[in-house]
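Undergrad: Once you've had a glance at the structure underneath, I'll fire off some questions.
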Amino acid sequence: MTVTSPVAGHDAAAPEEPVVELVGVRAAYGAIEVLKGVDLVVPVGSVVALLGPNGGGKTTTMKIVSGLMPTTAGELRLSGRNVTGITATEASRLGVCSIPEGRGVFANLTVRENLWVATGTGTPLAEVEEAAYTRFPKLGDRRNQLAGSMSGGEQQMLALSRALGTSPAVLLLDELSMGLAPMIVSQMYDIVGQLAEEGISILLAEQFARVVLPIADTAALMLGGRIVAVGDPADIEHELSTTYLGG
Ligand SMILES: Nc1ncnc2c1ncn2[C@@H]1O[C@H](COP(=O)(O)OP(=O)(O)O)[C@@H](O)[C@H]1O
Ligand SMILES: [Mg+2]
């Protein structure tokens, strides 16, 4: 992946550092602590699924990784480097790319203009467009259409294309399924599965566990600001059915 860590090469024999690592991370909104010591590892090239019911702290965890929220304790590491306190701009420079909850597109810009935003990181527009329209031919047909006038699924395709245009070191996907019909949700996760096969590191949060377990390498169950179980998706699936209904 593209992030170069100052400690990379420090010990050539060492295994590759995880692209994202949270160690004992705590975070609060005002006086209310909502992350109560989160440990999480996203190895390079793997898909980690954060699961659990609403309010568990999934989005807050994503915000920590993308530099949108400060920690009150603990450490955030990107590719082995301690970057605790990083800003969102710095995180994006280090290759953290997130599609936030809701739609990660500018509704009043066209498809093309949305893709143009991804070129801020240096990839030429023509290249971003070609990659997007090859992956999602529908977007090519609608290149001059306002993003806000497309269906939810098409908007998520655009959000994904925009994210991929930046060649992210890690892709953060928060509730990709939100507001989408079940059939579209499984199509979206088929695409995410393809991205995973291409070797992109992915951290995703999802209430509807069933759709993401098949593509996840590791699943973590989050409840009340803590990760209460982590491991093989099949084992966590069992945990889910006994802890709460995963949809
Ligand atoms: N902007 C906010 N201000 C205050 N509390 C918040 C805010 N966002 C989230 N919370 C609270 O933080 C907790 C974790 O929320 P969140 O990270 O959004 O969980 P999830 O994504 O798993 O649903 C919840 O109790 C929620 O009410
Ligand atoms: Mg959330």
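Identifiers in this document derive from the order of the structure tokens: chains are assigned A, B, ..., residues are numbered from 1 separately in each chain, and ligands are numbered from 1 in order of occurrence.
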Set the cut-off to 10 Å, count only C-alpha atoms and all ligand atoms, and list whatever residues fall near ligand 2 as a list in words.
TA: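 So the residues close to ligand 2 are Leu51, Gly52, Pro53, Asn54, Gly55, Gly56, Gly57, Lys58, Thr59, Thr60, Thr61, Met62, Lys63, Pro100, Glu101, Gly102, Asp174, Glu175, Met178, Ala205, Glu206 and Gln207 of chain A.
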Undergrad: Neighbours of Thr71 of chain A within 8 Å (only C-alpha atoms; same-chain residues fewer than 3 positions away dropped), as a list in words?
TA: Val25, Arg26, Ala27, Ala28, Ile64, Gly74, Glu75, Thr84 and Gly85 of chain A
Undergrad: With C-alpha atoms retained, export the selected residues as a CSV table (one decimal), in the first residue's frame.
TA:
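File written: result-v6.csv
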chain,number,residue,atom,x,y,z
A,25,VAL,CA,-8.7,4.2,22.8
A,26,ARG,CA,-11.1,6.2,24.8
A,27,ALA,CA,-13.3,9.1,23.5
A,28,ALA,CA,-16.1,11.2,24.8
A,64,ILE,CA,-11.1,8.4,15.5
A,74,GLY,CA,-5.0,5.5,24.2
A,75,GLU,CA,-3.2,5.5,20.9
A,84,THR,CA,-2.7,10.1,18.1
A,85,GLY,CA,-4.2,13.5,17.8
Undergrad: Which parts of segment 4-173 of chain A does DSSP call strand (DSSP E) when run on the backbone here, written out as a VMD selection string?
TA: chain A and resid 20 to 29 32 to 42 47 to 51 73 to 78 81 to 82 96 to 99 170 to 173
Undergrad: For segment 129-144 of chain A, list every protein, DNA or RNA residue within 9 Å, evaluated using only C-alpha atoms, and leave out those in the same chain fewer than 2 positions away; present the list as a PyMOL selection string.
TA: chain A and resi 109-113+115-116+124-127+146-147+150+154+157-158+160-162+164-165
Undergrad: Hey, what's within 10 Å of segment 229-240 of chain A if we count only C-alpha atoms and toss same-chain stuff fewer than 4 positions away? As a list in words, please?
TA: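 Once the adjacent positions are removed, what remains is Asp39, Leu40, Val48, Ala49, Leu50, Leu51, Gly52, Ala209, Arg210, Val212, Leu213, Pro214, Ile215, Ala216, Asp217, Thr218, Ala219, Ala220, Leu221, Met222, Leu223, Tyr244, Leu245, Gly246 and Gly247 of chain A.
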Undergrad: Pick the closest to Leu203 of chain A from A:Val34, A:Val47, A:Met69, A:Val117: which is it, counting only C-alpha atoms?
TA: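 Smallest distance to Leu203 of chain A is found for A:Val47.
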Undergrad: Restricting the calculation to only C-alpha atoms and all ligand atoms, which member of A:Leu94, A:Ile227, A:Leu180, A:Leu78 is positioned closest to ligand 1?
TA: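 With only C-alpha atoms and all ligand atoms as the atom set, the closest residue is A:Ile227.
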Undergrad: Out of A:Gly153, A:Gly45, A:Pro70, A:Gly37, which residue has the shortest atom-to-atom distance to Leu176 of chain A when counting only C-alpha atoms?
TA: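 Of the candidates, the smallest distance to Leu176 of chain A is held by A:Gly153.
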Undergrad: What is the distance between atom CA of Ile200 of chain A and atom 12 (O, counted along the ligand's line) of ligand 1, in Å to one decimal?
TA: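 About the pair atom CA of Ile200 of chain A and atom 12 (O, counted along the ligand's line) of ligand 1: they are 28.5 Å apart.
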Undergrad: Can you pull out every residue from segment 34-234 of chain A that DSSP, working from the backbone, puts in helix (DSSP H, G or I), and format the result as a ChimeraX atom specification?
TA: /A:58-65,88-93,111-121,125-135,137-141,147-149,152-164,182-197,209-215,233-234
Undergrad: By how many Å are atom CA of Ser201 of chain A and atom CA of Leu76 of chain A apart?
TA: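 If I compute the distance from atom CA of Ser201 of chain A to atom CA of Leu76 of chain A, I get 16.5 Å.
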Undergrad: With only C-alpha atoms and all ligand atoms as the atoms that count, which of A:Arg103, A:Arg93, A:Arg77, A:Arg226 lies nearest to ligand 1?
TA: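 Once distances to ligand 1 are computed over only C-alpha atoms and all ligand atoms, the minimum belongs to A:Arg226.
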